Amino acid sequence: MKILKYVLGISAVLIIGFFLLGVIKSELSYECEIMVDKPLAESWAVSQDEEKLSDWLEGLQKIEHVSGTPGTVGAVSDVHFIDDGQEMTIRETITEIGPDESVSMTFTSDFMDMDYNLAMKSVDGKTKISSSTTATGNGMVSKSIMALMGGAIKAQEETNLAKLKETIEKNSKNYINSEN
């Protein structure tokens, strides 16, 4: 009986600690950066090319435009991913665009809400790509899970940017002289 009390006591402390973690660290914020050996205009064009998104966004299946004009402020799309065999849909809303410079979006899902900004800057003929993210879990369980998984979530963004760099540097499509 004494062992059962200890097991229940330890379980209660762990459960309370799990939920307190979500209260204490209810928001996850991080920034990532990478340098690409291509000019800004090409880097921007590749990053915005829907045909190339699946090259650098792991698990991307399709994008369904819901409302607004695609690629403009106010455009809403459902972005479908498969992650570990599970389908996931995230609603994307473009909140701000500075052509060849930056795009800001909000992403909403059952699990979390995210504010995301992707910015590009020309540096000596190359392109510096930066992203900044602020995410909040929707509910106590997701807030606590996000607090525990913060490093893994940031690592995924670093992987995405590394794949974007690779996609840009391997690009052979001429965006400058084509009409897109």
# chains A, B, ... in the order shown; residues from 1 in each chain; ligands from 1
>>> residues_around(residues="Asp110 (chain A)", least_positions_apart="4", cutoff="12 Å", atoms="only C-alpha atoms", output="MDAnalysis selection string")
chainID A and resid 88:91 114 136:139 141:143
>>> residues_around(residues="Thr159 (chain A)", least_positions_apart="4", cutoff="9 Å", atoms="only C-alpha atoms", output="VMD selection string")
chain A and resid 56 to 58 154 to 155 163 to 164
>>> write_last_selection(atoms="N, CA, C and O atoms", output="PDB file, in the first residue's frame")
ATOM      1  N   TRP A  56      11.094  21.887 -50.119  1.00  0.00           N
ATOM      2  CA  TRP A  56      11.724  22.338 -48.874  1.00  0.00           C
ATOM      3  C   TRP A  56      10.806  22.299 -47.651  1.00  0.00           C
ATOM      4  O   TRP A  56      11.283  22.484 -46.521  1.00  0.00           O
ATOM      5  N   LEU A  57       9.539  22.032 -47.830  1.00  0.00           N
ATOM      6  CA  LEU A  57       8.621  21.866 -46.692  1.00  0.00           C
ATOM      7  C   LEU A  57       8.256  20.386 -46.581  1.00  0.00           C
ATOM      8  O   LEU A  57       7.448  19.878 -47.362  1.00  0.00           O
ATOM      9  N   GLU A  58       8.871  19.721 -45.642  1.00  0.00           N
ATOM     10  CA  GLU A  58       8.709  18.277 -45.478  1.00  0.00           C
ATOM     11  C   GLU A  58       7.254  17.892 -45.225  1.00  0.00           C
ATOM     12  O   GLU A  58       6.581  18.479 -44.394  1.00  0.00           O
ATOM     13  N   LYS A 154      11.971  24.206 -33.325  1.00  0.00           N
ATOM     14  CA  LYS A 154      12.964  25.103 -33.925  1.00  0.00           C
ATOM     15  C   LYS A 154      13.865  24.322 -34.874  1.00  0.00           C
ATOM     16  O   LYS A 154      14.205  24.812 -35.954  1.00  0.00           O
ATOM     17  N   ALA A 155      14.261  23.114 -34.504  1.00  0.00           N
ATOM     18  CA  ALA A 155      15.114  22.286 -35.367  1.00  0.00           C
ATOM     19  C   ALA A 155      14.428  22.006 -36.702  1.00  0.00           C
ATOM     20  O   ALA A 155      15.087  21.968 -37.749  1.00  0.00           O
ATOM     21  N   LYS A 163      16.828  23.183 -46.385  1.00  0.00           N
ATOM     22  CA  LYS A 163      16.278  22.630 -47.629  1.00  0.00           C
ATOM     23  C   LYS A 163      15.908  23.747 -48.605  1.00  0.00           C
ATOM     24  O   LYS A 163      16.051  23.583 -49.822  1.00  0.00           O
ATOM     25  N   LEU A 164      15.438  24.891 -48.090  1.00  0.00           N
ATOM     26  CA  LEU A 164      15.148  26.041 -48.958  1.00  0.00           C
ATOM     27  C   LEU A 164      16.446  26.518 -49.611  1.00  0.00           C
ATOM     28  O   LEU A 164      16.482  26.780 -50.812  1.00  0.00           O
TER      29      LEU A 164
END
>>> atom_distance(atom1="CA of Glu27 (chain A)", atom2="CA of Glu157 (chain A)")
16.4 Å
>>> atom_distance(atom1="CA of Val46 (chain A)", atom2="CA of Tyr175 (chain A)")
8.1 Å
>>> atom_distance(atom1="CA of Met146 (chain A)", atom2="CA of Tyr116 (chain A)")
16.0 Å
>>> select_by_dssp(residues="chain A", states="strand (DSSP E or B)", output="PyMOL selection string")
chain A and resi 27-36+60-67+76-83+86-98+102-108+112-123+126-137
>>> closest_residue(among="A:Ala119, A:Ser144, A:Ile63, A:Glu96", to="Gly17 (chain A)", atoms="only C-alpha atoms")
A:Ser144
>>> closest_residue(among="A:Lys52, A:Lys25, A:Lys165, A:Lys5", to="Thr127 (chain A)", atoms="only C-alpha atoms")
A:Lys165
>>> closest_residue(among="A:Phe107, A:Ser54, A:Leu60, A:Asn174", to="Ser77 (chain A)", atoms="only C-alpha atoms")
A:Phe107
